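**Q** Sharing input-v4.txt below, compact mmCIF, C-alpha atoms and all ligand atoms:
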```txt
# COMPACT_ATOMS: atom_id res chain seq x y z
CA MET A 99 0.00 0.00 0.00
CA GLU A 100 2.68 2.40 1.13
CA GLU A 101 4.73 1.55 -1.92
CA ALA A 102 1.81 2.30 -4.22
CA ALA A 103 1.19 5.65 -2.51
CA ALA A 104 4.88 6.57 -2.87
CA ALA A 105 4.82 5.62 -6.53
CA THR A 106 1.71 7.74 -7.11
CA ALA A 107 3.28 10.69 -5.32
CA ALA A 108 6.49 10.33 -7.34
CA TYR A 109 4.42 10.19 -10.52
CA ALA A 110 2.52 13.33 -9.50
CA VAL A 111 5.80 15.24 -8.99
CA GLN A 112 7.13 13.99 -12.31
CA GLU A 113 3.88 14.83 -14.05
CA SER A 114 3.73 18.34 -12.62
CA CYS A 115 7.36 18.97 -13.68
CA SER A 116 6.97 17.65 -17.22
CA LEU A 117 7.03 20.34 -19.90
CA ASP A 118 3.91 19.05 -21.67
CA HIS A 119 1.90 19.71 -18.53
CA TYR A 120 2.92 23.39 -18.65
CA LEU A 121 2.52 23.82 -22.40
CA SER A 122 -1.10 22.74 -22.22
CA GLN A 123 -1.94 25.63 -19.84
CA PRO A 124 -2.81 29.20 -20.91
CA ASP A 125 -0.24 32.01 -20.46
CA HIS A 126 -2.03 33.88 -17.67
CA THR A 127 -2.17 30.81 -15.42
CA MET A 128 1.61 30.93 -15.18
CA ASP A 129 1.84 34.37 -13.54
CA GLU A 130 1.11 33.28 -10.01
CA ARG A 131 3.21 30.14 -10.32
CA ILE A 132 6.22 32.12 -11.58
CA ALA A 133 5.85 34.72 -8.83
CA LEU A 134 5.54 32.05 -6.13
CA ALA A 135 8.50 30.07 -7.42
CA ARG A 136 10.63 33.23 -7.62
CA ALA A 137 9.73 34.04 -4.02
CA ARG A 138 10.58 30.51 -2.87
CA LEU A 139 13.92 30.41 -4.64
CA GLY A 140 14.88 33.86 -3.34
CA THR A 141 18.41 35.05 -3.99
CA ASP A 142 19.53 31.65 -5.27
CA VAL A 143 18.16 32.64 -8.66
CA ILE A 144 18.42 35.67 -10.88
CA LEU A 145 16.40 36.16 -13.98
CA LEU A 146 18.01 38.02 -16.87
CA GLY A 147 15.72 39.35 -19.61
CA HIS A 148 16.77 40.69 -22.99
CA HIS A 149 14.77 43.67 -24.29
CA TYR A 150 13.24 41.57 -27.10
CA GLN A 151 11.47 39.24 -24.68
CA ARG A 152 7.71 39.37 -24.56
CA ASP A 153 5.92 41.24 -21.74
CA GLU A 154 4.59 38.09 -20.07
CA VAL A 155 8.19 36.99 -19.50
CA ILE A 156 10.25 40.15 -19.09
CA ARG A 157 8.04 41.45 -16.29
CA PHE A 158 9.62 38.81 -14.03
CA ALA A 159 13.22 39.75 -14.85
CA ASP A 160 15.51 41.00 -12.10
CA TYR A 161 17.65 42.65 -14.76
CA THR A 162 16.66 43.73 -18.25
CA GLY A 163 19.17 44.93 -20.78
CA ASP A 164 21.01 44.65 -24.06
CA SER A 165 23.56 41.91 -24.48
CA TYR A 166 26.41 44.03 -23.10
CA LYS A 167 24.57 44.97 -19.93
CA LEU A 168 23.32 41.42 -19.33
CA SER A 169 26.78 39.93 -19.79
CA LYS A 170 28.14 42.39 -17.22
CA VAL A 171 25.43 41.31 -14.77
CA ALA A 172 26.27 37.65 -15.47
CA ALA A 173 29.94 38.32 -14.74
CA GLU A 174 29.15 40.07 -11.45
CA THR A 175 26.27 38.17 -9.86
CA ASP A 176 26.74 35.61 -7.09
CA ALA A 177 23.37 33.90 -7.60
CA LYS A 178 23.61 30.13 -7.82
CA TYR A 179 21.32 29.90 -10.86
CA MET A 180 20.99 32.34 -13.74
CA ILE A 181 17.86 31.90 -15.79
CA PHE A 182 18.51 33.54 -19.13
CA CYS A 183 15.41 34.80 -20.90
CA GLY A 184 17.15 35.51 -24.15
CA VAL A 185 18.78 33.34 -26.80
CA HIS A 186 21.36 30.57 -26.78
CA PHE A 187 24.53 32.63 -27.38
CA MET A 188 23.62 34.88 -24.45
CA ALA A 189 23.23 31.92 -22.10
CA GLU A 190 26.52 30.45 -23.36
CA THR A 191 28.22 33.78 -22.68
CA ALA A 192 26.79 33.84 -19.17
CA ASP A 193 28.16 30.33 -18.59
CA VAL A 194 31.63 31.35 -19.78
CA LEU A 195 31.58 34.35 -17.42
CA ALA A 196 30.03 32.42 -14.50
CA LYS A 197 31.90 31.24 -11.43
CA PRO A 198 32.47 27.47 -11.24
CA TRP A 199 29.60 26.93 -8.77
CA GLN A 200 27.02 28.83 -10.83
CA GLN A 201 24.65 27.27 -13.37
CA VAL A 202 22.93 28.86 -16.35
CA ILE A 203 19.51 27.83 -17.62
CA LEU A 204 17.90 28.66 -20.97
CA PRO A 205 14.16 27.96 -20.50
CA ASP A 206 13.72 26.75 -24.11
CA LEU A 207 16.69 25.23 -25.92
CA ASN A 208 15.08 26.16 -29.24
CA ALA A 209 15.73 29.82 -28.52
CA GLY A 210 18.67 30.17 -30.91
CA CYS A 211 19.74 32.98 -33.21
CA SER A 212 19.65 32.65 -36.99
CA MET A 213 22.54 35.09 -37.32
CA ALA A 214 24.76 33.11 -34.95
CA ASP A 215 23.93 30.01 -37.02
CA MET A 216 25.41 31.69 -40.09
CA ALA A 217 28.98 31.10 -38.89
CA GLU A 218 30.19 27.68 -37.87
CA ILE A 219 33.58 27.21 -36.28
CA GLY A 220 34.74 24.88 -39.11
CA GLN A 221 33.90 27.52 -41.70
CA VAL A 222 35.71 30.20 -39.70
CA GLU A 223 38.81 28.00 -39.40
CA ASN A 224 38.72 27.34 -43.15
CA CYS A 225 38.47 31.05 -43.79
CA TRP A 226 41.42 31.75 -41.50
CA ASP A 227 43.51 29.02 -43.19
CA ALA A 228 42.76 30.53 -46.61
CA LEU A 229 43.74 33.99 -45.37
CA GLU A 230 46.90 32.50 -43.86
CA ARG A 231 47.82 30.89 -47.19
CA ALA A 232 47.34 34.31 -48.80
CA GLY A 233 49.81 35.71 -46.24
CA LEU A 234 47.22 37.99 -44.62
CA THR A 235 46.83 36.74 -41.05
CA GLY A 236 49.96 38.48 -39.75
CA ASP A 237 48.14 41.81 -40.04
CA LEU A 238 44.70 40.50 -39.18
CA LEU A 239 42.71 40.40 -35.96
CA PRO A 240 39.47 38.39 -35.61
CA LEU A 241 36.61 40.19 -33.91
CA THR A 242 33.26 38.57 -33.33
CA TYR A 243 29.88 40.02 -32.50
CA MET A 244 28.43 38.58 -29.31
CA ASN A 245 25.84 36.84 -31.54
CA SER A 246 28.09 33.86 -32.25
CA THR A 247 28.92 30.49 -30.72
CA ALA A 248 31.30 30.13 -27.77
CA ALA A 249 33.68 28.24 -30.11
CA ILE A 250 33.96 31.30 -32.36
CA LYS A 251 34.51 33.55 -29.37
CA ALA A 252 37.29 31.18 -28.28
CA PHE A 253 38.79 31.28 -31.78
CA CYS A 254 38.94 35.07 -31.57
CA GLY A 255 40.45 34.99 -28.08
CA GLU A 256 43.14 32.51 -29.10
CA ASN A 257 44.08 34.56 -32.15
CA GLY A 258 44.54 37.81 -30.23
CA GLY A 259 41.04 39.15 -30.87
CA LEU A 260 37.91 39.88 -28.91
CA VAL A 261 34.13 39.97 -28.75
CA CYS A 262 31.95 43.05 -29.08
CA THR A 263 28.27 43.89 -28.80
CA SER A 264 26.33 46.48 -30.74
CA SER A 265 26.93 48.95 -27.92
CA ASN A 266 30.73 48.77 -27.88
CA ALA A 267 31.54 47.75 -31.45
CA ARG A 268 33.32 51.01 -32.19
CA GLY A 269 35.53 50.70 -29.11
CA ALA A 270 36.31 47.10 -30.06
CA PHE A 271 37.28 48.16 -33.61
CA GLU A 272 39.57 50.82 -32.12
CA TRP A 273 41.06 48.20 -29.77
CA ALA A 274 41.72 45.93 -32.75
CA PHE A 275 43.15 48.65 -35.01
CA ALA A 276 45.53 49.70 -32.23
CA ARG A 277 47.07 46.21 -32.58
CA LYS A 278 46.66 45.14 -36.22
CA SER A 279 45.92 46.87 -39.51
CA LYS A 280 43.03 44.61 -40.60
CA ILE A 281 39.93 43.08 -39.00
CA LEU A 282 38.00 39.91 -39.81
CA PHE A 283 34.52 40.71 -38.47
CA LEU A 284 32.12 37.83 -37.66
CA PRO A 285 29.28 37.08 -38.28
CA ASP A 286 27.15 40.22 -38.93
CA GLN A 287 28.24 42.02 -42.08
CA HIS A 288 25.87 44.92 -41.30
CA LEU A 289 27.14 45.75 -37.82
CA GLY A 290 30.70 45.43 -39.18
CA ARG A 291 30.03 47.68 -42.18
CA ASN A 292 28.08 50.28 -40.19
CA THR A 293 30.76 50.46 -37.50
CA ALA A 294 33.71 50.67 -39.89
CA TYR A 295 31.96 53.27 -42.06
CA ALA A 296 31.19 55.44 -39.04
CA MET A 297 34.92 55.37 -38.28
CA GLY A 298 35.69 56.78 -41.73
CA ILE A 299 36.60 53.55 -43.51
CA PRO A 300 35.14 53.72 -47.04
CA LEU A 301 33.06 50.84 -48.42
CA SER A 302 35.79 50.27 -51.02
CA GLU A 303 38.10 49.16 -48.17
CA MET A 304 35.66 46.47 -47.00
CA VAL A 305 35.10 43.08 -48.59
CA VAL A 306 32.53 40.37 -47.86
CA TRP A 307 33.68 36.81 -47.14
CA ASP A 308 31.04 34.32 -48.27
CA PRO A 309 31.69 30.96 -46.56
CA TYR A 310 29.80 29.16 -49.32
CA GLN A 311 32.08 30.43 -52.12
CA ILE A 312 35.58 29.29 -53.01
CA ASN A 313 38.07 31.62 -51.32
CA GLY A 314 35.13 33.47 -49.78
CA GLY A 315 34.13 34.70 -53.24
CA ALA A 316 36.81 37.41 -53.11
CA SER A 317 40.08 37.76 -55.01
CA THR A 318 43.30 37.75 -53.03
CA ASP A 319 43.96 41.30 -54.23
CA ARG A 320 40.61 42.48 -52.83
CA LEU A 321 41.28 40.70 -49.54
CA ARG A 322 44.77 42.21 -49.36
CA ALA A 323 43.50 45.73 -50.04
CA ALA A 324 40.63 45.54 -47.53
CA LYS A 325 40.91 46.96 -44.03
CA VAL A 326 37.81 45.04 -42.93
CA ILE A 327 36.76 41.56 -44.06
CA LEU A 328 33.05 41.11 -43.31
CA TRP A 329 31.58 37.65 -42.78
CA LYS A 330 28.45 37.16 -44.87
CA GLY A 331 25.92 36.90 -42.06
CA HIS A 332 22.92 38.98 -41.12
CA CYS A 333 19.96 39.22 -38.75
CA SER A 334 16.82 38.05 -40.50
CA VAL A 335 14.73 40.35 -38.29
CA HIS A 336 16.61 43.61 -38.91
CA GLN A 337 17.19 42.74 -42.57
CA ARG A 338 13.51 43.40 -43.14
CA PHE A 339 13.82 47.16 -42.55
CA LEU A 340 14.37 48.87 -45.90
CA PRO A 341 15.46 52.35 -47.02
CA GLU A 342 11.99 52.77 -48.53
CA HIS A 343 10.55 52.53 -45.02
CA VAL A 344 12.63 55.54 -43.95
CA ASP A 345 11.60 57.44 -47.11
CA HIS A 346 7.98 56.71 -46.30
CA ILE A 347 8.30 58.11 -42.76
CA ARG A 348 10.12 61.20 -44.04
CA ARG A 349 7.31 61.83 -46.49
CA GLU A 350 4.35 61.07 -44.23
CA ARG A 351 5.67 62.10 -40.81
CA PRO A 352 8.47 64.63 -41.35
CA GLN A 353 8.67 65.45 -37.61
CA MET A 354 9.35 61.87 -36.67
CA GLN A 355 12.89 60.77 -35.80
CA VAL A 356 14.15 57.48 -37.18
CA VAL A 357 16.19 55.36 -34.75
CA VAL A 358 17.55 52.00 -35.85
CA HIS A 359 19.64 49.11 -34.56
CA PRO A 360 23.06 48.71 -36.26
CA GLU A 361 22.08 45.21 -37.42
CA CYS A 362 20.00 47.03 -40.05
CA ARG A 363 21.54 47.31 -43.49
CA TRP A 364 23.90 50.20 -44.25
CA GLU A 365 21.43 51.88 -46.63
CA VAL A 366 18.87 52.10 -43.78
CA CYS A 367 21.40 53.29 -41.19
CA GLN A 368 22.62 56.02 -43.53
CA LYS A 369 19.12 57.50 -43.66
CA ALA A 370 18.45 57.24 -39.90
CA ASP A 371 18.74 60.05 -37.32
CA ALA A 372 20.30 57.78 -34.71
CA ILE A 373 21.76 54.26 -34.60
CA GLY A 374 22.24 52.19 -31.48
CA SER A 375 21.91 49.03 -29.46
CA THR A 376 18.59 48.29 -27.79
CA GLU A 377 19.80 50.01 -24.61
CA ARG A 378 20.81 53.10 -26.58
CA ILE A 379 17.52 53.21 -28.47
CA ILE A 380 15.71 53.31 -25.10
CA ASP A 381 18.08 56.00 -23.87
CA VAL A 382 17.52 58.22 -26.93
CA ILE A 383 13.75 58.02 -26.45
CA GLU A 384 13.97 58.54 -22.69
CA LYS A 385 16.05 61.71 -23.09
CA ALA A 386 13.86 63.21 -25.82
CA PRO A 387 11.50 66.05 -24.82
CA GLU A 388 7.77 65.50 -24.40
CA GLY A 389 5.96 65.52 -27.72
CA SER A 390 8.78 63.76 -29.62
CA SER A 391 7.94 60.95 -31.99
CA PHE A 392 10.02 58.05 -33.25
CA ALA A 393 9.94 55.37 -35.92
CA VAL A 394 12.09 52.57 -34.53
CA GLY A 395 13.88 49.89 -36.55
CA THR A 396 14.22 46.97 -34.19
CA GLU A 397 12.34 43.94 -32.83
CA ILE A 398 8.61 44.51 -32.39
CA HIS A 399 8.26 43.51 -28.72
CA LEU A 400 10.65 46.24 -27.66
CA VAL A 401 8.98 48.78 -29.97
CA ASN A 402 5.51 47.98 -28.63
CA ARG A 403 6.70 48.14 -25.03
CA LEU A 404 8.32 51.53 -25.62
CA ALA A 405 5.14 52.79 -27.30
CA LYS A 406 3.08 51.83 -24.25
CA ARG A 407 5.60 53.14 -21.74
CA PHE A 408 6.09 56.55 -23.34
CA ALA A 409 2.53 57.29 -24.51
CA PRO A 410 1.56 58.83 -21.12
CA LEU A 411 4.61 61.10 -21.45
CA GLY A 412 3.35 62.43 -24.76
CA LYS A 413 5.88 60.53 -26.92
CA GLU A 414 4.74 58.58 -29.93
CA ILE A 415 6.63 55.46 -30.99
CA ILE A 416 5.88 53.30 -34.00
CA THR A 417 7.71 50.55 -35.86
CA LEU A 418 9.72 51.73 -38.86
CA ASP A 419 8.20 49.19 -41.25
CA ASP A 420 4.48 48.67 -41.64
CA ALA A 421 4.14 45.23 -40.06
CA GLY A 422 6.66 44.93 -37.23
CA CYS A 423 9.58 42.50 -37.24
CA LEU A 424 9.41 39.60 -34.80
CA CYS A 425 12.38 37.59 -33.55
CA THR A 426 10.76 34.17 -33.48
CA THR A 427 13.58 32.59 -31.52
CA MET A 428 13.43 35.18 -28.71
CA TYR A 429 9.69 34.48 -28.69
CA ARG A 430 10.36 30.81 -27.89
CA ILE A 431 10.83 31.72 -24.23
CA SER A 432 7.28 31.48 -22.94
CA PRO A 433 5.81 31.93 -19.46
CA GLN A 434 5.23 28.15 -19.52
CA HIS A 435 8.93 27.44 -20.12
CA LEU A 436 9.86 29.91 -17.42
CA ALA A 437 7.48 28.38 -14.85
CA TRP A 438 8.72 24.90 -15.80
CA SER A 439 12.39 25.88 -15.25
CA LEU A 440 11.66 27.54 -11.91
CA GLU A 441 9.42 24.83 -10.47
CA ASN A 442 11.91 22.19 -11.52
CA LEU A 443 14.59 24.04 -9.58
CA ILE A 444 12.35 23.89 -6.51
CA ALA A 445 12.00 20.13 -7.11
CA GLY A 446 15.80 19.90 -7.28
CA ASN A 447 16.08 19.47 -11.08
CA VAL A 448 18.21 21.75 -13.21
CA VAL A 449 16.59 21.64 -16.64
CA ASN A 450 18.06 23.02 -19.87
CA ARG A 451 21.42 23.82 -18.35
CA ILE A 452 23.79 25.51 -20.79
CA GLN A 453 27.34 24.30 -20.34
CA VAL A 454 30.24 25.35 -22.52
CA ASP A 455 33.08 22.81 -22.93
CA GLU A 456 35.99 23.52 -20.59
CA ASP A 457 38.52 23.68 -23.44
CA VAL A 458 36.41 26.27 -25.28
CA LYS A 459 35.75 28.24 -22.11
CA HIS A 460 39.30 29.38 -21.52
CA TRP A 461 39.81 31.34 -24.75
CA ALA A 462 36.19 32.44 -24.96
CA ARG A 463 36.67 33.99 -21.52
CA VAL A 464 39.82 35.77 -22.70
CA ALA A 465 37.88 37.27 -25.64
CA LEU A 466 34.96 38.25 -23.39
CA ASP A 467 37.18 39.79 -20.73
CA ARG A 468 38.74 41.94 -23.45
CA MET A 469 35.22 42.96 -24.49
CA LEU A 470 34.20 43.90 -20.96
CA GLU A 471 37.17 46.26 -20.80
CA VAL A 472 35.86 48.15 -23.82
CA GLN A 473 33.28 50.69 -22.63
CA ALA A 474 29.79 50.61 -24.14
P1 LIG B 1 21.50 44.36 -28.26
O1 LIG B 1 21.48 45.66 -28.95
O2 LIG B 1 20.48 44.28 -27.22
O3 LIG B 1 22.82 43.91 -27.80
O4 LIG B 1 20.91 43.34 -29.31
C1 LIG B 1 21.16 42.59 -30.09
C2 LIG B 1 20.52 41.42 -30.49
O5 LIG B 1 20.52 41.10 -31.62
C3 LIG B 1 19.97 40.52 -29.61
O6 LIG B 1 19.82 39.46 -30.40
FE1 LIG B 2 19.46 36.80 -33.64
FE2 LIG B 2 18.33 38.83 -34.95
FE3 LIG B 2 16.92 37.49 -33.14
FE4 LIG B 2 18.91 39.08 -32.38
S1 LIG B 2 17.04 39.70 -33.37
S2 LIG B 2 18.49 37.02 -31.65
S3 LIG B 2 20.36 38.79 -34.08
S4 LIG B 2 17.78 36.66 -35.07
```
Could you write out this structure as structure tokens?
**A**
Amino acid sequence: MEEAAAATAAYAVQESCSLDHYLSQPDHTMDERIALARARLGTDVILLGHHYQRDEVIRFADYTGDSYKLSKVAAETDAKYMIFCGVHFMAETADVLAKPWQQVILPDLNAGCSMADMAEIGQVENCWDALERAGLTGDLLPLTYMNSTAAIKAFCGENGGLVCTSSNARGAFEWAFARKSKILFLPDQHLGRNTAYAMGIPLSEMVVWDPYQINGGASTDRLRAAKVILWKGHCSVHQRFLPEHVDHIRRERPQMQVVVHPECRWEVCQKADAIGSTERIIDVIEKAPEGSSFAVGTEIHLVNRLAKRFAPLGKEIITLDDAGCLCTTMYRISPQHLAWSLENLIAGNVVNRIQVDEDVKHWARVALDRMLEVQA
């Protein structure tokens, strides 16, 4: 009898912790469960939320921010568990920066980043080998955007380079140019191009490396002449903002300011009034006088949240395009996944732990430490 009761109880615990159980419940039923679990776990847990997260999730975050700010928090916190409401590369970064006794959880492992997937370590090594054969690596420093795998960050660290985010890309370029005359920038060609151009490097001194073409699709002469070699990667969300969208706003709403993320294409950034990371976009709007209006070129959850937050202050905020661009992978983190991760922690289970291999960690940490020294 007792055995049967124990088995039933064990089954009930298992059942209540299984993801399917959570996914079959509506969003709003998770609120109380998340709040209760957070209260029970106390300071053992911190919840980090990227600005692109949906409202039902980000409202529970202890810290919200862009990837630079959140990686700084990850490097400084002493909480035993970090629950990262963001995407895979952010959780990997937190694990690299974590102390040995800390654990990082990504509530849904499907929350990846299509841009980070556009550069694989094998392709990057092949690129480097080709550049070495062309005699170019002596003058070259690899620099990767945060939106990349830990293995690519480690590659950069081991080859004298570093990581940057959209908020300190310029400082990272300056850091690199103080040491070498050329940069290989991975994996976002747009952030690389926008940053280099803003520093006065003409487009003619940049070349795109296409990992699916022989020799990157560029002649050795072009590669030799270039100051910046841009990996052919992009963000599928920001790619959707077009110069025509800016023209439309200028025509229809001439008072409106256009603020865009540097993952947008160069042609869009050139027409914008301001360019910046998610944190900077918020800052620009915050500091603007009452009555200002903005068309914003970034992920729709952040745009909608800003519109709601600033409407009572007399500021109007709309998306730059006509539909709104959604990051479907950021959207994977649901209140159900969050409640599931938290309640499992209470039950003593660490689910969806993100763990970077020890041999990758060392050099990735070197590259990230260099990044943290470069001011945003
Ligand atoms: P941040 O500007 O917040 O660093 O954003 C970049 C991003 O692409 C998150 O995926
Ligand atoms: Fe990746 Fe773009 Fe989504 Fe950021 S917005 S996580 S770069 S796909």
**Q** Could you work out how far CA of Ile416 in chain A lies from CA of Val335 in chain A, giving the answer in Å with one decimal?
**A**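 We find that CA of Val335 in chain A and CA of Ile416 in chain A lie 16.3 Å from each other.
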**Q** Dump as CSV the rows for residues of chain A within 6 Å of ligand LIG 2 (chain B): closest atom pair and distance in Å with one decimal, only C-alpha atoms and all ligand atoms counted, ordered by chain and rising residue number.
**A**
```
residue,atom,partner,partner_atom,distance
A:Cys211,CA,B:LIG2,FE1,3.9
A:Ser212,CA,B:LIG2,S4,4.8
A:Met213,CA,B:LIG2,FE1,5.1
A:Cys333,CA,B:LIG2,FE2,4.2
A:Ser334,CA,B:LIG2,S4,5.7
A:Val335,CA,B:LIG2,FE2,5.1
A:Cys425,CA,B:LIG2,FE3,4.6
```
**Q** Around ligand LIG 1 (chain B), out to 8 Å and counting all atoms listed in the file, which residues are there? I want them as a PyMOL selection string.
**A** chain A and resi 148-150+163-166+184-185+211+244-245+263-265+333+359+361+374-378+428
**Q** Could you check which of A:Gly422, A:Pro205, A:Gly210, A:Pro309 is closest to Trp226 in chain A, using only C-alpha atoms?
**A**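 So, comparing all the options, the nearest one is A:Pro309.
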**Q** Counting all atoms listed in the file, figure out which residue out of A:Gln353, A:Gln368, A:Gln311, A:Asn224 gets nearest to Tyr295 in chain A.
**A**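 So, comparing all the options, the nearest one is A:Gln368.
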**Q** From the options A:Val155, A:Val358, A:Leu443, A:Ala217, which residue's atoms come nearest to Asp419 in chain A, counting only C-alpha atoms?
**A**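 The answer is A:Val358, which sits nearest to Asp419 in chain A.
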**Q** With all atoms listed in the file as the counted atoms, please give the residues lying no more than 9 Å from Ala228 in chain A, apart from itself and same-chain residues fewer than 5 positions off, as a count of residues only.
**A** 5
**Q** Any chance you could build range 235-248 of chain A out to N, CA and C atoms and write it as a short mmCIF file (atom, residue, chain, number, x, y, z; two decimals), keeping the file's coordinate frame?
**A**
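Saved result, out.cif, follows:
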```cif
data_model
loop_
_atom_site.label_atom_id
_atom_site.label_comp_id
_atom_site.auth_asym_id
_atom_site.auth_seq_id
_atom_site.Cartn_x
_atom_site.Cartn_y
_atom_site.Cartn_z
N THR A 235 47.21 36.81 -42.47
CA THR A 235 46.83 36.74 -41.05
C THR A 235 47.81 37.48 -40.12
N GLY A 236 49.00 37.75 -40.59
CA GLY A 236 49.96 38.48 -39.75
C GLY A 236 49.43 39.85 -39.37
N ASP A 237 48.66 40.45 -40.27
CA ASP A 237 48.14 41.81 -40.04
C ASP A 237 46.70 41.81 -39.58
N LEU A 238 46.16 40.62 -39.33
CA LEU A 238 44.70 40.50 -39.18
C LEU A 238 44.29 40.12 -37.75
N LEU A 239 43.22 40.76 -37.27
CA LEU A 239 42.71 40.40 -35.96
C LEU A 239 41.24 39.98 -36.08
N PRO A 240 40.87 38.80 -35.53
CA PRO A 240 39.47 38.39 -35.61
C PRO A 240 38.64 39.02 -34.49
N LEU A 241 37.50 39.52 -34.87
CA LEU A 241 36.61 40.19 -33.91
C LEU A 241 35.21 39.64 -34.16
N THR A 242 34.60 39.11 -33.13
CA THR A 242 33.26 38.57 -33.33
C THR A 242 32.20 39.33 -32.54
N TYR A 243 31.07 39.48 -33.17
CA TYR A 243 29.88 40.02 -32.50
C TYR A 243 29.48 38.98 -31.46
N MET A 244 28.93 39.46 -30.37
CA MET A 244 28.43 38.58 -29.31
C MET A 244 27.51 37.47 -29.86
N ASN A 245 26.80 37.79 -30.95
CA ASN A 245 25.84 36.84 -31.54
C ASN A 245 26.59 35.77 -32.34
N SER A 246 27.30 34.91 -31.62
CA SER A 246 28.09 33.86 -32.25
C SER A 246 28.30 32.76 -31.21
N THR A 247 28.74 31.60 -31.67
CA THR A 247 28.92 30.49 -30.72
C THR A 247 30.13 30.75 -29.81
N ALA A 248 30.16 30.01 -28.70
CA ALA A 248 31.30 30.13 -27.77
C ALA A 248 32.58 29.70 -28.48
#
```
